[in-house]
Structure formats: C-alpha cells, structure tokens
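So the structure is just underneath, and the comments pick up after that.
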Amino acid sequence: MTNSLAPDFVHRFEPGPDPAAPPLLLLHGTGGDEADLLPLGRALSPGSALLSPRGPVLENGMPRFFRRLAEGVFDEADVRRRAADLAAFVAQARVAYGLAAPVAVGFSNGANIAAATLLLHPEALAGAVLLRAMVPLAEAPPADLVGRPVLLLSGAFDPIVPAENAERLAAGLERAGARVTHTVNPAGHGLSQADLSAAGPWLARNFGR
Ligand code: MLT
C-alpha cells in the first residue's frame with residue numbers, strides 16, 4: 001500500500017515478521033521510487049520492517065532526495081533542508097508504525113541523503129548501508145556517530161563516484177566516531193552480486209540478535 005504520512009513523503013511500509021530484526025529505511029537512486037528497493041530490503045534482511053519513501057524532489061520528472069546543480073555537484077542548502085525533512089519523517093514514522101531507529105539502506109542519490117542525514121541528524125538512524133555514496137556536504141558540522149555501524153560499498157569502476165571521494169566520506173564518518181567498513185568491489189555505479197553478498201551478512205552481524 002502507498003501511504004502519505006509527512007508532507008512530501010509518499011512511502012511504502014511493510015511490517016517486519018521478525019520484531020528483533022532492524023527496521024530498514026530504503027532510499028532509492030535518481031529516477032527510482034518507493035517500490036524500487038523493497039526486493040533488496042527483503043533479500044538483505046528477510047525479517048525486517050521496511051520503510052521506503054519516495055524522493056520529494058523532481059529532476060526532469062525523476063524523483064530524487066535533494067537538488068543538484070550538475071552530476072556530483074549538490075545544492076548543499078537543499079541537502080541540509082531535505083536531510084532535516086527526512087529525519088522528521090523517520091521520527092513520525094517510528095511513532096506511527098512503532099519502530100526502533102532504522103538502518104538506512106541507500107543507493108546512489110539515496111545513499112548520499114543517508115550520509116547527509118547521518119552527519120546532520122545522527123539520532124535518526126541506527127546505522128547505514130551506503131551503496132555508491134559520495135561526500136554530500138563540503139563541510140558538515142561535527143556529528144556524534146560513536147559506535148554507529150556504517151557499511152560503505154563502492155565500485156572500483158564507478159564513473160560517478162571517484163575513489164578519492166568515497167575515501168573522504170569514509171574518513172569523515174570515521175572521524176565522527178562511526179564504525180566504518182569500506183569495501184571497494186569490482187563494479188561500476190550499478191549494484192552487483194558482491195554488494196548483496198556483503199550487505200546481508202553485515203546487517204546480520206551488526207544488527208542481528
Ligand atoms: C547524486 O546526485 O546524488 C549523485 O550524483 C548520484 C546520482 O544520483 O546520480
């Protein structure tokens with residue numbers, strides 16, 4: 001069922017059959033929607049509740065989570081505003097659906113808003129799987145992410161995210177105290193089987209019973 005809870009966040013919610021499994025906040029890439037990552041969420045953590053909003057910004061008709069000026073060049077004021085909106089949506093959804101703080105699973109633009117939300121609103125997320133993420137803000141305020149598990153999965157042949165940029169993101173999250181695992185797979189910007197093979201067990205290890 002597609003619901004509308006907070007303004008601007010059309011979303012899907014699937015209750016989790018296993019109350020001990022972490023709720024997942026699924027954040028799609030540019031041009032995706034709230035249905036996109038549901039199969040990924042089910043595959044990565046079969047017992048988890050799934051909360052999947054649609055990006056509220058349109059770029060030539062394609063949903064995104066924040067505005068950009070060009071590929072890889074972000075409207076940082078909009079990043080900040082949209083990360084605050086997403087954190088508020090998560091807080092409302094947690095009350096409405098009775099959820100613990102979710103683990104974000106974001107791909108591309110969705111991974112970038114997840115990284116921004118971690119840095120700007122650390123209380124919103126229990127951790128994150130960031131698939132093909134890049135640095136969302138040139139300068140982020142000091143965040144307290146002590147002990148928060150973050151898995152960053154990059155592609156060695158990604159034409160959108162330079163290796164140096166992903167390394168800088170990992171270093172920034174580590175400086176904030178996050179427990180970062182950064183793996184570079186032999187892949188491009190798209191997801192590969194190696195991402196699934198890494199993310200499922202990582203979720204179970206870090207958020208399982
Ligand atoms: C972004 O705009 O967030 C990144 O360039 C990734 C993308 O969506 O292509």
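Note on naming: chains are A, B, ... as they come in the structure tokens, residues start from 1 per chain, ligands start from 1 in the order shown.
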
Show me a table, sorted first by chain and then by increasing residue number, of the residues of chain A having an atom at most 7 Å from ligand 1, each with its shortest atom pair and the distance in Å to one decimal, counting only C-alpha atoms and all ligand atoms and written as CSV.
residue,atom,partner,partner_atom_place_in_ligand_line,distance
A:Gly29,CA,ligand 1,8 (O),5.6
A:Thr30,CA,ligand 1,8 (O),4.6
A:Arg68,CA,ligand 1,2 (O),5.9
A:Glu71,CA,ligand 1,5 (O),4.7
A:Gly72,CA,ligand 1,5 (O),4.1
A:Phe74,CA,ligand 1,2 (O),6.8
A:Ser108,CA,ligand 1,6 (C),4.6
A:Asn109,CA,ligand 1,3 (O),3.3
A:Gly110,CA,ligand 1,3 (O),6.9
A:Asn112,CA,ligand 1,3 (O),5.6
A:Ile160,CA,ligand 1,5 (O),6.4

Write to file, as a PDB file, in the first residue's frame, the residues of the selection just made, with N, CA and C atoms.
ATOM      1  N   GLY A  29      17.681   5.435  -5.735  1.00  0.00           N
ATOM      2  CA  GLY A  29      18.532   6.318  -6.535  1.00  0.00           C
ATOM      3  C   GLY A  29      17.693   7.248  -7.419  1.00  0.00           C
ATOM      4  N   THR A  30      18.367   8.148  -8.131  1.00  0.00           N
ATOM      5  CA  THR A  30      17.697   9.105  -9.015  1.00  0.00           C
ATOM      6  C   THR A  30      16.806   8.367 -10.023  1.00  0.00           C
ATOM      7  N   ARG A  68      20.376  18.891  -7.255  1.00  0.00           N
ATOM      8  CA  ARG A  68      21.795  19.018  -7.618  1.00  0.00           C
ATOM      9  C   ARG A  68      21.919  20.022  -8.741  1.00  0.00           C
ATOM     10  N   GLU A  71      25.822  16.729 -12.266  1.00  0.00           N
ATOM     11  CA  GLU A  71      26.110  15.405 -11.703  1.00  0.00           C
ATOM     12  C   GLU A  71      27.262  15.533 -10.701  1.00  0.00           C
ATOM     13  N   GLY A  72      27.010  15.119  -9.484  1.00  0.00           N
ATOM     14  CA  GLY A  72      28.043  15.170  -8.446  1.00  0.00           C
ATOM     15  C   GLY A  72      28.247  16.548  -7.837  1.00  0.00           C
ATOM     16  N   PHE A  74      26.248  19.290  -5.701  1.00  0.00           N
ATOM     17  CA  PHE A  74      24.987  19.329  -4.970  1.00  0.00           C
ATOM     18  C   PHE A  74      24.607  20.736  -4.526  1.00  0.00           C
ATOM     19  N   SER A 108      23.078   5.251  -4.337  1.00  0.00           N
ATOM     20  CA  SER A 108      23.383   6.421  -5.160  1.00  0.00           C
ATOM     21  C   SER A 108      22.818   7.691  -4.507  1.00  0.00           C
ATOM     22  N   ASN A 109      21.875   8.388  -5.135  1.00  0.00           N
ATOM     23  CA  ASN A 109      21.323   9.579  -4.508  1.00  0.00           C
ATOM     24  C   ASN A 109      20.734   9.252  -3.125  1.00  0.00           C
ATOM     25  N   GLY A 110      20.143   8.073  -2.988  1.00  0.00           N
ATOM     26  CA  GLY A 110      19.597   7.652  -1.688  1.00  0.00           C
ATOM     27  C   GLY A 110      20.705   7.426  -0.657  1.00  0.00           C
ATOM     28  N   ASN A 112      23.488   9.083  -0.704  1.00  0.00           N
ATOM     29  CA  ASN A 112      24.010  10.412  -0.382  1.00  0.00           C
ATOM     30  C   ASN A 112      23.125  11.123   0.644  1.00  0.00           C
ATOM     31  N   ILE A 160      30.783   7.763 -11.624  1.00  0.00           N
ATOM     32  CA  ILE A 160      30.146   8.911 -10.952  1.00  0.00           C
ATOM     33  C   ILE A 160      30.849   9.266  -9.640  1.00  0.00           C
TER      34      ILE A 160
END

Spatial neighbours of Ala88 (chain A), max dist 10 Å, only C-alpha atoms, sep filter under 4 positions, as a PDB file with C-alpha atoms, in the first residue's frame:
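So the final result, stored in around-v3.pdb, reads:
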ATOM      1  CA  ALA A   6       4.531  13.533   6.414  1.00  0.00           C
ATOM      2  CA  ARG A  82      15.943  17.655   2.800  1.00  0.00           C
ATOM      3  CA  ALA A  83      18.012  15.763   5.373  1.00  0.00           C
ATOM      4  CA  ALA A  84      16.058  17.588   8.117  1.00  0.00           C
ATOM      5  CA  GLN A  92       6.977  10.440  12.645  1.00  0.00           C
ATOM      6  CA  ALA A  93       7.057   7.023  11.010  1.00  0.00           C
ATOM      7  CA  ARG A  94       8.671   5.474  14.081  1.00  0.00           C
ATOM      8  CA  HIS A 121      20.815  14.216  12.287  1.00  0.00           C
ATOM      9  CA  ALA A 124      17.620   9.499  13.141  1.00  0.00           C
TER      10      ALA A 124
END

**Message:** Give me, as a PyMOL selection string, all polymer residues having an atom no more than 8 Å from Ala114 (chain A), counting only C-alpha atoms and skipping those fewer than 5 positions away in the same chain.
**Reply:** chain A and resi 27+83+104-106+128+130

**Item:** Spatial neighbours of Ala171 (chain A), 12 Å, only C-alpha atoms, chain gap at least 4 places, as a count of residues only
**Value:** 16

**Request:** Record the distance separating CA of Asp75 (chain A) and CA of Arg168 (chain A), expressed in Å with one decimal.
**Result:** 19.0 Å
